[in-house]
2 protein chains.
Amino acid sequence: MQKIVVMGEILAEIMADTIGAGFTEPVALTGPFPSGAPAIFAAQAARTGQPAAIVSAVGDDDFGRVNLDRLRRDGVDCSAVRVDPDRPTGSAFVRYRADGGRDFVFNIRHSACGTISDTPAVQAVLDAADHLHVMGSSLSSPDFIARNIAAAEAVKSRGGTVSFDPNLRKEVLDAPGLKDAMAHVLGLTDLFLPSGAELTLLTRTDDPAAAPDELLDRGIRAIVHKRGADGARYHDRTSTIDVPAFPATEIDPTGAGDCFGAAFVALWLRGTDTRSALTLAAAAGACAVQHRGPMEGIKDLDALRAFATSHGADIR
Amino acid sequence: MQKIVVMGEILAEIMADTIGAGFTEPVALTGPFPSGAPAIFAAQAARTGQPAAIVSAVGDDDFGRVNLDRLRRDGVDCSAVRVDPDRPTGSAFVRYRADGGRDFVFNIRHSACGTISDTPAVQAVLDAADHLHVMGSSLSSPDFIARNIAAAEAVKSRGGTVSFDPNLRKEVLDAPGLKDAMAHVLGLTDLFLPSGAELTLLTRTDDPAAAPDELLDRGIRAIVHKRGADGARYHDRTSTIDVPAFPATEIDPTGAGDCFGAAFVALWLRGTDTRSALTLAAAAGACAVQHRGPMEGIKDLDALRAFATSHGADIR
């Protein structure tokens with residue numbers, strides 16, 4: 001079994017109970033939920049049955065413990081998660097607006113997970129990686145960019161593979177060097193997992209219909225375009241495959257794209273039939289949105305199969 | 001009117017809705033409440049009618065805006081509050097335990113308010129200070145210790161006064177150099193405002209009855225020992241004055257000691273009769289505990305007088 005490694009933020013997420021704009025007065029909240037796109041990805045990959053590790057750090061506080069407890073319970077290798085004695089665990093406050101948009105208050109760059117240390121544990125996990133998944137949300141500093149690129153190059157140099165989810169939030173788009181970093185990562189990517197308009201974010205063309213061919217011409221082996229409730233579309237040199245989204249009561253979409261991506265990457269690595277992998281990934285996304293909290297809807301592979309077949313899907 | 005300056009943390013406070021131990025699973029919360037002991041102090045001092053400024057920083061986020069909006073509305077001079085473009089506003093999660101104790105998750109030292117910059121605005125506010133109030137909670141780094149001591153010495157050198165509230169939380173007791181710093185600040189203190197067991201924290205004697213004389217012998221002009229629901233006791237060279245606490249339904253004691261101290265300092269600076277000042281300070285404390293959120297119960301001087309007299313107090 002190929003081992004997946006992801007490097008980036010572990011966060012405590014605090015969710016507003018009411019829809020509205022921002023956090024400029026006291027509102028009802030619920031948290032801490034374990035969170036952070038790379039953490040969600042690692043947990044869903046592990047629950048899909050793939051060895052998965054995360055390189056990150058948490059603070060020596062309850063928010064760190066709630067995250068480590070959850071990741072370990074989900075089977076994620078946390079040997080490269082440092083407990084920082086000084087900095088707090090990262091956090092994200094999120095409030096949904098009436099238009100479906102989200103307002104955030106982040107504490108990430110200056111939190112524990114804003115710094116990766118060169119420890120033997122980190123090196124051991126990176127050395128054991130067969131596959132690196134790069135989260136765009138984790139390319140939030142020059143150091144994280146350099147570390148993700150170095151790890152991607154190391155994995156590739158020994159015959160491993162790289163997947164990349166741009167996973168952009170408006171709050172991080174202006175980070176220095178981010179767009180160049182994304183282009184660099186894209187050049188190392190085997191499997192590209194954009195959502196919605198991210199499909200053309202890094203292409204010369206603005207045309208979604210033309211973007212897949214351009215990306216394939218640039219050396220990417222496969223593209224999975226995540227389109228939320230509109231399903232997903234897979235492209236490689238020989239095929240285009242559409243799968244619909246499962247019907248789902250959307251309680252909280254945060255993390256659904258990460259769960260979709262993790263399930264797909266895990267199944268892709270072990271050679272599962274592409275349509276079945278897409279369908280099970282769609283099941284992971286549908287399960288994720290039906291629970292409040294980004295990691296509360298994560299299911300193991302048997303449960304994803306059961307969900308998909310109970311909705312009439314044909315899984316090979 | 002003498003101007004009060006305080007230097008230290010501005011925080012967004014997030015309160016658990018339920019009593020229990022810590023934050024290791026998602027719980028109901030309410031926030032952000034404007035908070036931070038120096039901020040609470042400055043707001044109550046301003047509302048008591050004294051010119052008051054705070055030297056601090058907030059992030060360029062909703063938690064910073066909720067604090068600045070409140071402080072400005074309360075009349076606090078915020079000209080020396082920097083808006084940090086990079087670091088988030090400090091935060092404190094607090095949950096009450098069944099025994100009345102509190103569990104915290106802090107983000108302070110690495111937040112915006114963990115760094116004071118030497119700006120012209122900061123210097124102008126410090127130069128205009130007639131009185132410096134030092135919060136023990138703000139002596140959380142060597143830099144904050146040095147800045148508070150330098151500011152205290154500058155105020156004293158031009159004939160101003162210094163008050164000091166040890167305001168210790170168990171979480172900060174181990175900070176490097178803290179006890180030495182406290183002793184240094186005590187040596188510059190005119191008005192000492194310990195709560196409960198803090199009375200003997202910095203004395204050679206362990207005996208609460210002997211501590212006031214020792215403190216007065218060391219050059220402190222007056223001591224106000226805050227004893228929560230047991231009232232307050234004032235000591236100087238010529239008098240000891242006891243005032244009872246007002247009856248109050250305690251909803252949230254956070255900030256009550258800061259409100260008591262701020263009202264007393266403001267009235268002490270303008271020469272209000274000591275017993276009346278203590279009584280109005282007790283009114284500020286009682287009003288504070290009856291509201292959820294550390295700054296939600298802050299009242300102006302007329303409201304404190306009305307509260308005190310409605311409870312039978314005789315204010316001169």
# chains A, B, ... in the order shown; residues from 1 in each chain; ligands from 1
$ interface_residues --of "chain A" --to "chain B" --cutoff "10 Å" --atoms "only C-alpha atoms" --output "PyMOL selection string"
chain A and resi 12-17+22-34+59-67+69-70+86-91+103-112+293
$ write_last_selection --atoms "N, CA and C atoms" --output "tab-separated table (two decimals), in the first residue's frame"
chain	number	residue	atom	x	y	z
A	12	ALA	N	-8.28	24.24	14.84
A	12	ALA	CA	-9.55	24.12	15.56
A	12	ALA	C	-10.54	25.05	14.85
A	13	GLU	N	-11.67	24.51	14.46
A	13	GLU	CA	-12.66	25.33	13.76
A	13	GLU	C	-13.82	25.65	14.69
A	14	ILE	N	-14.18	26.92	14.69
A	14	ILE	CA	-15.29	27.41	15.51
A	14	ILE	C	-16.34	27.93	14.55
A	15	MET	N	-17.53	27.37	14.62
A	15	MET	CA	-18.56	27.72	13.64
A	15	MET	C	-19.65	28.57	14.28
A	16	ALA	N	-20.03	29.62	13.57
A	16	ALA	CA	-21.19	30.41	14.01
A	16	ALA	C	-22.46	29.56	13.83
A	17	ASP	N	-23.36	29.66	14.80
A	17	ASP	CA	-24.62	28.90	14.72
A	17	ASP	C	-25.63	29.58	13.79
A	22	GLY	N	-19.90	37.95	9.38
A	22	GLY	CA	-18.73	38.14	10.23
A	22	GLY	C	-18.97	37.99	11.73
A	23	PHE	N	-18.03	38.56	12.47
A	23	PHE	CA	-17.94	38.33	13.92
A	23	PHE	C	-17.74	39.64	14.66
A	24	THR	N	-18.56	40.64	14.37
A	24	THR	CA	-18.34	41.94	14.99
A	24	THR	C	-19.24	42.16	16.21
A	25	GLU	N	-19.90	41.13	16.66
A	25	GLU	CA	-20.64	41.19	17.92
A	25	GLU	C	-20.73	39.76	18.44
A	26	PRO	N	-21.04	39.58	19.72
A	26	PRO	CA	-21.11	38.20	20.24
A	26	PRO	C	-22.25	37.43	19.57
A	27	VAL	N	-21.92	36.25	19.07
A	27	VAL	CA	-22.91	35.39	18.43
A	27	VAL	C	-22.75	33.97	18.98
A	28	ALA	N	-23.78	33.16	18.76
A	28	ALA	CA	-23.72	31.76	19.18
A	28	ALA	C	-22.78	31.00	18.27
A	29	LEU	N	-21.91	30.21	18.88
A	29	LEU	CA	-20.86	29.47	18.17
A	29	LEU	C	-20.85	28.03	18.65
A	30	THR	N	-20.24	27.16	17.87
A	30	THR	CA	-19.97	25.80	18.33
A	30	THR	C	-18.55	25.42	17.91
A	31	GLY	N	-17.83	24.82	18.83
A	31	GLY	CA	-16.48	24.37	18.54
A	31	GLY	C	-15.79	23.96	19.83
A	32	PRO	N	-14.58	23.49	19.79
A	32	PRO	CA	-13.73	23.37	18.62
A	32	PRO	C	-13.99	22.07	17.85
A	33	PHE	N	-14.14	22.19	16.52
A	33	PHE	CA	-14.17	21.03	15.64
A	33	PHE	C	-12.75	20.81	15.10
A	34	PRO	N	-12.28	19.57	15.08
A	34	PRO	CA	-11.00	19.32	14.41
A	34	PRO	C	-11.11	19.71	12.95
A	59	GLY	N	-0.56	23.25	19.17
A	59	GLY	CA	-0.13	23.81	20.44
A	59	GLY	C	-0.35	22.83	21.57
A	60	ASP	N	0.25	23.15	22.71
A	60	ASP	CA	0.07	22.31	23.91
A	60	ASP	C	-1.18	22.81	24.63
A	61	ASP	N	-2.32	22.62	23.97
A	61	ASP	CA	-3.59	23.15	24.50
A	61	ASP	C	-4.73	22.22	24.07
A	62	ASP	N	-5.91	22.50	24.58
A	62	ASP	CA	-7.05	21.62	24.29
A	62	ASP	C	-7.33	21.53	22.80
A	63	PHE	N	-7.10	22.61	22.06
A	63	PHE	CA	-7.38	22.58	20.62
A	63	PHE	C	-6.42	21.63	19.90
A	64	GLY	N	-5.20	21.54	20.41
A	64	GLY	CA	-4.27	20.56	19.85
A	64	GLY	C	-4.69	19.15	20.18
A	65	ARG	N	-5.14	18.97	21.43
A	65	ARG	CA	-5.52	17.61	21.83
A	65	ARG	C	-6.75	17.12	21.07
A	66	VAL	N	-7.73	18.00	20.85
A	66	VAL	CA	-8.94	17.56	20.15
A	66	VAL	C	-8.59	17.13	18.73
A	67	ASN	N	-7.61	17.79	18.14
A	67	ASN	CA	-7.18	17.41	16.79
A	67	ASN	C	-6.37	16.12	16.78
A	69	ASP	N	-6.31	13.74	18.97
A	69	ASP	CA	-7.18	12.61	19.32
A	69	ASP	C	-7.95	12.13	18.10
A	70	ARG	N	-8.52	13.07	17.35
A	70	ARG	CA	-9.32	12.69	16.20
A	70	ARG	C	-8.47	12.05	15.10
A	86	ASP	N	5.00	26.56	22.85
A	86	ASP	CA	4.90	28.01	22.95
A	86	ASP	C	3.72	28.58	22.17
A	87	ARG	N	3.57	28.17	20.92
A	87	ARG	CA	2.52	28.74	20.08
A	87	ARG	C	1.22	27.96	20.23
A	88	PRO	N	0.10	28.66	20.08
A	88	PRO	CA	-1.19	27.98	20.21
A	88	PRO	C	-1.54	27.17	18.96
A	89	THR	N	-2.44	26.24	19.11
A	89	THR	CA	-3.01	25.54	17.96
A	89	THR	C	-3.69	26.55	17.04
A	90	GLY	N	-3.53	26.37	15.76
A	90	GLY	CA	-4.21	27.24	14.81
A	90	GLY	C	-5.71	27.18	14.95
A	91	SER	N	-6.37	28.24	14.51
A	91	SER	CA	-7.83	28.25	14.62
A	91	SER	C	-8.45	28.99	13.44
A	103	ASP	N	-17.42	34.00	5.90
A	103	ASP	CA	-16.47	34.92	6.51
A	103	ASP	C	-15.62	34.14	7.50
A	104	PHE	N	-14.33	34.50	7.53
A	104	PHE	CA	-13.40	33.80	8.42
A	104	PHE	C	-12.66	34.77	9.34
A	105	VAL	N	-12.25	34.28	10.48
A	105	VAL	CA	-11.17	34.90	11.26
A	105	VAL	C	-10.16	33.79	11.50
A	106	PHE	N	-8.98	33.97	10.92
A	106	PHE	CA	-7.96	32.92	10.98
A	106	PHE	C	-6.86	33.24	11.98
A	107	ASN	N	-6.32	32.22	12.59
A	107	ASN	CA	-5.02	32.29	13.28
A	107	ASN	C	-4.22	31.09	12.81
A	108	ILE	N	-3.44	31.27	11.76
A	108	ILE	CA	-2.75	30.14	11.16
A	108	ILE	C	-1.24	30.39	11.09
A	109	ARG	N	-0.84	31.46	10.40
A	109	ARG	CA	0.59	31.65	10.13
A	109	ARG	C	1.41	31.79	11.41
A	110	HIS	N	0.85	32.42	12.42
A	110	HIS	CA	1.59	32.61	13.66
A	110	HIS	C	1.21	31.59	14.73
A	111	SER	N	0.45	30.59	14.34
A	111	SER	CA	0.09	29.51	15.26
A	111	SER	C	1.13	28.40	15.17
A	112	ALA	N	0.93	27.37	15.98
A	112	ALA	CA	1.87	26.24	15.97
A	112	ALA	C	2.08	25.70	14.57
A	293	GLY	N	-19.39	20.38	11.07
A	293	GLY	CA	-17.99	20.16	11.44
A	293	GLY	C	-17.31	19.47	10.28
$ residues_around --residues "Pro51 (chain B)" --least-positions-apart "2" --cutoff "10 Å" --atoms "only C-alpha atoms" --output "VMD selection string"
chain B and resid 1 to 5 42 to 43 45 to 49 53 75 to 77 129 to 130 266
$ write_last_selection --atoms "C-alpha atoms" --output "PDB file, in the first residue's frame"
ATOM      1  CA  MET B   1      -7.941  65.656  34.831  1.00  0.00           C
ATOM      2  CA  GLN B   2      -5.066  63.214  35.081  1.00  0.00           C
ATOM      3  CA  LYS B   3      -4.694  60.827  32.177  1.00  0.00           C
ATOM      4  CA  ILE B   4      -4.486  57.082  32.835  1.00  0.00           C
ATOM      5  CA  VAL B   5      -2.506  54.869  30.495  1.00  0.00           C
ATOM      6  CA  ALA B  42      -9.273  51.387  30.286  1.00  0.00           C
ATOM      7  CA  ALA B  43     -12.940  51.202  29.326  1.00  0.00           C
ATOM      8  CA  ALA B  45     -11.769  54.183  33.744  1.00  0.00           C
ATOM      9  CA  ALA B  46     -13.021  56.174  30.760  1.00  0.00           C
ATOM     10  CA  ARG B  47     -16.638  55.469  31.637  1.00  0.00           C
ATOM     11  CA  THR B  48     -15.896  56.655  35.163  1.00  0.00           C
ATOM     12  CA  GLY B  49     -14.968  59.972  33.532  1.00  0.00           C
ATOM     13  CA  ALA B  53      -5.650  55.389  26.837  1.00  0.00           C
ATOM     14  CA  GLY B  75     -14.296  56.904  25.227  1.00  0.00           C
ATOM     15  CA  VAL B  76     -10.900  55.228  25.419  1.00  0.00           C
ATOM     16  CA  ASP B  77      -8.073  56.945  23.524  1.00  0.00           C
ATOM     17  CA  ALA B 129       0.394  59.823  30.927  1.00  0.00           C
ATOM     18  CA  ASP B 130      -0.134  61.192  34.423  1.00  0.00           C
ATOM     19  CA  ALA B 266     -10.152  57.005  38.485  1.00  0.00           C
TER      20      ALA B 266
END
$ residues_around --residues "Cys287 (chain A)" --least-positions-apart "3" --cutoff "12 Å" --atoms "only C-alpha atoms" --output "mmCIF file with N, CA and C atoms, in the first residue's frame"
data_model
loop_
_atom_site.group_PDB
_atom_site.id
_atom_site.type_symbol
_atom_site.label_atom_id
_atom_site.label_comp_id
_atom_site.auth_asym_id
_atom_site.auth_seq_id
_atom_site.Cartn_x
_atom_site.Cartn_y
_atom_site.Cartn_z
ATOM 1 N N GLN A 44 -9.584 11.391 5.959
ATOM 2 C CA GLN A 44 -10.429 10.657 5.009
ATOM 3 C C GLN A 44 -9.605 9.625 4.230
ATOM 4 N N ALA A 245 -23.355 14.032 -8.392
ATOM 5 C CA ALA A 245 -23.299 14.084 -6.930
ATOM 6 C C ALA A 245 -24.470 13.287 -6.381
ATOM 7 N N PHE A 246 -24.294 12.732 -5.198
ATOM 8 C CA PHE A 246 -25.416 12.072 -4.531
ATOM 9 C C PHE A 246 -26.330 13.122 -3.927
ATOM 10 N N PRO A 247 -27.617 12.825 -3.849
ATOM 11 C CA PRO A 247 -28.491 13.770 -3.151
ATOM 12 C C PRO A 247 -28.072 13.834 -1.679
ATOM 13 N N ALA A 248 -28.011 15.029 -1.140
ATOM 14 C CA ALA A 248 -27.559 15.194 0.239
ATOM 15 C C ALA A 248 -28.182 16.449 0.827
ATOM 16 N N THR A 249 -28.546 16.366 2.079
ATOM 17 C CA THR A 249 -29.005 17.545 2.801
ATOM 18 C C THR A 249 -27.763 18.275 3.295
ATOM 19 N N GLU A 250 -27.517 19.434 2.712
ATOM 20 C CA GLU A 250 -26.270 20.128 3.031
ATOM 21 C C GLU A 250 -26.385 20.858 4.363
ATOM 22 N N ILE A 251 -25.657 20.342 5.341
ATOM 23 C CA ILE A 251 -25.606 20.985 6.661
ATOM 24 C C ILE A 251 -24.383 21.894 6.735
ATOM 25 N N ASP A 252 -23.270 21.413 6.202
ATOM 26 C CA ASP A 252 -22.002 22.147 6.332
ATOM 27 C C ASP A 252 -21.041 21.662 5.253
ATOM 28 N N PRO A 253 -20.877 22.454 4.176
ATOM 29 C CA PRO A 253 -20.031 21.983 3.072
ATOM 30 C C PRO A 253 -18.536 22.004 3.380
ATOM 31 N N THR A 254 -18.117 22.667 4.472
ATOM 32 C CA THR A 254 -16.680 22.766 4.751
ATOM 33 C C THR A 254 -16.072 21.368 4.851
ATOM 34 N N GLY A 255 -15.012 21.149 4.096
ATOM 35 C CA GLY A 255 -14.313 19.872 4.152
ATOM 36 C C GLY A 255 -14.779 18.860 3.129
ATOM 37 N N ALA A 256 -15.897 19.104 2.476
ATOM 38 C CA ALA A 256 -16.429 18.100 1.545
ATOM 39 C C ALA A 256 -15.488 17.867 0.361
ATOM 40 N N GLY A 257 -14.914 18.961 -0.149
ATOM 41 C CA GLY A 257 -13.978 18.811 -1.267
ATOM 42 C C GLY A 257 -12.724 18.056 -0.858
ATOM 43 N N ASP A 258 -12.284 18.269 0.394
ATOM 44 C CA ASP A 258 -11.112 17.561 0.899
ATOM 45 C C ASP A 258 -11.418 16.067 1.049
ATOM 46 N N CYS A 259 -12.617 15.752 1.528
ATOM 47 C CA CYS A 259 -13.002 14.341 1.673
ATOM 48 C C CYS A 259 -13.120 13.669 0.310
ATOM 49 N N PHE A 260 -13.746 14.373 -0.638
ATOM 50 C CA PHE A 260 -13.830 13.853 -2.003
ATOM 51 C C PHE A 260 -12.428 13.542 -2.522
ATOM 52 N N ALA A 263 -10.621 10.536 -0.725
ATOM 53 C CA ALA A 263 -11.139 9.215 -1.107
ATOM 54 C C ALA A 263 -10.681 8.871 -2.524
ATOM 55 N N LEU A 280 -17.243 6.656 -5.290
ATOM 56 C CA LEU A 280 -16.988 6.566 -3.847
ATOM 57 C C LEU A 280 -16.492 7.914 -3.309
ATOM 58 N N ALA A 281 -15.742 8.641 -4.123
ATOM 59 C CA ALA A 281 -15.326 9.982 -3.705
ATOM 60 C C ALA A 281 -16.542 10.898 -3.572
ATOM 61 N N ALA A 282 -17.468 10.771 -4.521
ATOM 62 C CA ALA A 282 -18.703 11.563 -4.422
ATOM 63 C C ALA A 282 -19.478 11.187 -3.171
ATOM 64 N N ALA A 283 -19.450 9.902 -2.816
ATOM 65 C CA ALA A 283 -20.113 9.465 -1.583
ATOM 66 C C ALA A 283 -19.442 10.111 -0.366
ATOM 67 N N ALA A 284 -18.114 10.186 -0.392
ATOM 68 C CA ALA A 284 -17.399 10.817 0.727
ATOM 69 C C ALA A 284 -17.786 12.288 0.849
ATOM 70 N N GLN A 290 -23.276 16.389 5.195
ATOM 71 C CA GLN A 290 -24.476 16.131 5.998
ATOM 72 C C GLN A 290 -24.213 16.212 7.498
ATOM 73 N N HIS A 291 -22.998 16.585 7.871
ATOM 74 C CA HIS A 291 -22.650 16.704 9.292
ATOM 75 C C HIS A 291 -22.046 18.072 9.544
ATOM 76 N N ARG A 292 -22.359 18.616 10.694
ATOM 77 C CA ARG A 292 -21.759 19.884 11.084
ATOM 78 C C ARG A 292 -20.346 19.629 11.602
ATOM 79 N N GLY A 293 -19.394 20.379 11.074
ATOM 80 C CA GLY A 293 -17.992 20.158 11.439
ATOM 81 C C GLY A 293 -17.307 19.470 10.282
ATOM 82 N N PRO A 294 -16.115 19.944 9.912
ATOM 83 C CA PRO A 294 -15.483 19.469 8.675
ATOM 84 C C PRO A 294 -15.035 18.020 8.698
ATOM 85 N N MET A 295 -14.845 17.411 9.876
ATOM 86 C CA MET A 295 -14.380 16.023 9.921
ATOM 87 C C MET A 295 -15.434 15.090 10.508
ATOM 88 N N GLU A 296 -16.614 15.610 10.776
ATOM 89 C CA GLU A 296 -17.620 14.804 11.484
ATOM 90 C C GLU A 296 -18.311 13.816 10.555
ATOM 91 N N GLY A 297 -18.232 14.055 9.250
ATOM 92 C CA GLY A 297 -18.913 13.162 8.308
ATOM 93 C C GLY A 297 -17.983 12.190 7.614
ATOM 94 N N ILE A 298 -16.741 12.093 8.091
ATOM 95 C CA ILE A 298 -15.784 11.188 7.456
ATOM 96 C C ILE A 298 -16.190 9.739 7.724
ATOM 97 N N LYS A 299 -16.206 8.931 6.661
ATOM 98 C CA LYS A 299 -16.624 7.521 6.772
ATOM 99 C C LYS A 299 -15.506 6.614 6.275
ATOM 100 N N ASP A 300 -15.530 5.372 6.727
ATOM 101 C CA ASP A 300 -14.566 4.433 6.172
ATOM 102 C C ASP A 300 -15.093 3.853 4.865
ATOM 103 N N LEU A 301 -14.258 3.075 4.199
ATOM 104 C CA LEU A 301 -14.574 2.644 2.836
ATOM 105 C C LEU A 301 -15.847 1.808 2.782
ATOM 106 N N ALA A 303 -18.443 2.009 4.646
ATOM 107 C CA ALA A 303 -19.607 2.897 4.766
ATOM 108 C C ALA A 303 -19.820 3.702 3.483
ATOM 109 N N LEU A 304 -18.734 4.077 2.815
ATOM 110 C CA LEU A 304 -18.877 4.792 1.534
ATOM 111 C C LEU A 304 -19.507 3.882 0.481
ATOM 112 N N ARG A 305 -19.057 2.627 0.451
ATOM 113 C CA ARG A 305 -19.663 1.658 -0.482
ATOM 114 C C ARG A 305 -21.147 1.480 -0.189
ATOM 115 N N ALA A 306 -21.470 1.324 1.095
ATOM 116 C CA ALA A 306 -22.865 1.105 1.474
ATOM 117 C C ALA A 306 -23.715 2.309 1.100
ATOM 118 N N PHE A 307 -23.173 3.515 1.339
ATOM 119 C CA PHE A 307 -23.897 4.742 0.985
ATOM 120 C C PHE A 307 -24.143 4.786 -0.516
ATOM 121 N N ALA A 308 -23.086 4.514 -1.285
ATOM 122 C CA ALA A 308 -23.197 4.620 -2.742
ATOM 123 C C ALA A 308 -24.180 3.585 -3.292
#
$ select_by_dssp --residues "region 148-261 of chain B" --states "alpha helix (DSSP H)" --output "ChimeraX atom specification"
/B:148-157,178-187,211-217,256-261
$ residues_around --residues "region 198-206 of chain B" --least-positions-apart "6" --cutoff "12 Å" --atoms "only C-alpha atoms" --output "count of residues only"
36
$ residues_around --residues "Ala277 (chain B)" --least-positions-apart "4" --cutoff "7 Å" --atoms "only C-alpha atoms" --output "MDAnalysis selection string"
chainID B and resid 264 267:268 272:273 281
$ select_by_dssp --residues "region 128-282 of chain A" --states "strand (DSSP E)" --output "list in words"
His131, Leu132, His133, Val134, Met135, Thr161, Val162, Ser163, Phe164, Asp165, Leu191, Phe192, Ala222, Ile223, Val224, His225, Lys226, Ala232, Arg233, Tyr234, His235, Thr240, Ile241, Asp242 and Val243 of chain A
$ write_last_selection --atoms "C-alpha atoms" --output "CSV table (one decimal), in the first residue's frame"
chain,number,residue,atom,x,y,z
A,131,HIS,CA,2.5,10.0,-2.7
A,132,LEU,CA,2.4,13.7,-1.7
A,133,HIS,CA,-0.8,15.6,-1.7
A,134,VAL,CA,-0.4,19.4,-1.9
A,135,MET,CA,-3.1,21.6,-0.5
A,161,THR,CA,3.2,10.6,-7.4
A,162,VAL,CA,1.8,14.0,-6.5
A,163,SER,CA,-1.7,15.2,-6.3
A,164,PHE,CA,-2.7,18.9,-6.0
A,165,ASP,CA,-5.8,20.6,-4.8
A,191,LEU,CA,-3.4,14.2,-10.4
A,192,PHE,CA,-5.0,17.7,-10.3
A,222,ALA,CA,-5.4,13.1,-14.8
A,223,ILE,CA,-7.8,15.9,-13.7
A,224,VAL,CA,-10.8,15.5,-11.5
A,225,HIS,CA,-12.9,18.7,-11.6
A,226,LYS,CA,-15.0,18.9,-8.5
A,232,ALA,CA,-17.4,15.6,-10.9
A,233,ARG,CA,-15.7,15.2,-14.2
A,234,TYR,CA,-12.6,13.2,-14.8
A,235,HIS,CA,-10.2,13.7,-17.7
A,240,THR,CA,-13.7,11.7,-19.9
A,241,ILE,CA,-15.9,10.4,-17.1
A,242,ASP,CA,-18.8,12.2,-15.5
A,243,VAL,CA,-20.3,11.2,-12.1
$ residues_around --residues "Ala57 (chain B)" --least-positions-apart "6" --cutoff "6 Å" --atoms "only C-alpha atoms" --output "PyMOL selection string"
chain B and resi 81-83+112-113
$ decode --residues "region 98-113 of chain B" --atoms "N, CA and C atoms" --output "PDB file, in the first residue's frame"
ATOM      1  N   ALA B  98     -17.135  23.365  37.303  1.00  0.00           N
ATOM      2  CA  ALA B  98     -18.162  23.279  38.346  1.00  0.00           C
ATOM      3  C   ALA B  98     -17.660  23.868  39.668  1.00  0.00           C
ATOM      4  N   ASP B  99     -16.348  23.824  39.901  1.00  0.00           N
ATOM      5  CA  ASP B  99     -15.802  24.343  41.160  1.00  0.00           C
ATOM      6  C   ASP B  99     -15.553  25.851  41.103  1.00  0.00           C
ATOM      7  N   GLY B 100     -15.980  26.511  40.034  1.00  0.00           N
ATOM      8  CA  GLY B 100     -15.765  27.955  39.916  1.00  0.00           C
ATOM      9  C   GLY B 100     -14.453  28.304  39.238  1.00  0.00           C
ATOM     10  N   GLY B 101     -13.560  27.327  39.098  1.00  0.00           N
ATOM     11  CA  GLY B 101     -12.302  27.560  38.382  1.00  0.00           C
ATOM     12  C   GLY B 101     -12.582  27.754  36.901  1.00  0.00           C
ATOM     13  N   ARG B 102     -11.555  28.135  36.181  1.00  0.00           N
ATOM     14  CA  ARG B 102     -11.726  28.380  34.755  1.00  0.00           C
ATOM     15  C   ARG B 102     -10.637  27.675  33.963  1.00  0.00           C
ATOM     16  N   ASP B 103     -10.995  27.136  32.824  1.00  0.00           N
ATOM     17  CA  ASP B 103     -10.017  26.625  31.857  1.00  0.00           C
ATOM     18  C   ASP B 103      -9.944  27.612  30.698  1.00  0.00           C
ATOM     19  N   PHE B 104      -8.717  27.805  30.208  1.00  0.00           N
ATOM     20  CA  PHE B 104      -8.497  28.765  29.118  1.00  0.00           C
ATOM     21  C   PHE B 104      -7.786  28.099  27.946  1.00  0.00           C
ATOM     22  N   VAL B 105      -8.041  28.610  26.758  1.00  0.00           N
ATOM     23  CA  VAL B 105      -7.135  28.423  25.619  1.00  0.00           C
ATOM     24  C   VAL B 105      -6.801  29.823  25.128  1.00  0.00           C
ATOM     25  N   PHE B 106      -5.532  30.195  25.264  1.00  0.00           N
ATOM     26  CA  PHE B 106      -5.100  31.555  24.945  1.00  0.00           C
ATOM     27  C   PHE B 106      -4.375  31.627  23.605  1.00  0.00           C
ATOM     28  N   ASN B 107      -4.538  32.731  22.916  1.00  0.00           N
ATOM     29  CA  ASN B 107      -3.630  33.138  21.839  1.00  0.00           C
ATOM     30  C   ASN B 107      -3.283  34.599  22.092  1.00  0.00           C
ATOM     31  N   ILE B 108      -2.200  34.829  22.805  1.00  0.00           N
ATOM     32  CA  ILE B 108      -1.855  36.195  23.219  1.00  0.00           C
ATOM     33  C   ILE B 108      -0.442  36.561  22.757  1.00  0.00           C
ATOM     34  N   ARG B 109       0.550  35.796  23.190  1.00  0.00           N
ATOM     35  CA  ARG B 109       1.940  36.204  22.940  1.00  0.00           C
ATOM     36  C   ARG B 109       2.265  36.319  21.461  1.00  0.00           C
ATOM     37  N   HIS B 110       1.699  35.446  20.662  1.00  0.00           N
ATOM     38  CA  HIS B 110       1.993  35.469  19.226  1.00  0.00           C
ATOM     39  C   HIS B 110       0.891  36.175  18.432  1.00  0.00           C
ATOM     40  N   SER B 111      -0.016  36.821  19.137  1.00  0.00           N
ATOM     41  CA  SER B 111      -1.069  37.583  18.462  1.00  0.00           C
ATOM     42  C   SER B 111      -0.603  39.027  18.268  1.00  0.00           C
ATOM     43  N   ALA B 112      -1.457  39.830  17.655  1.00  0.00           N
ATOM     44  CA  ALA B 112      -1.111  41.240  17.417  1.00  0.00           C
ATOM     45  C   ALA B 112      -0.674  41.922  18.707  1.00  0.00           C
ATOM     46  N   CYS B 113      -1.393  41.690  19.792  1.00  0.00           N
ATOM     47  CA  CYS B 113      -1.107  42.425  21.028  1.00  0.00           C
ATOM     48  C   CYS B 113       0.086  41.851  21.777  1.00  0.00           C
TER      49      CYS B 113
END
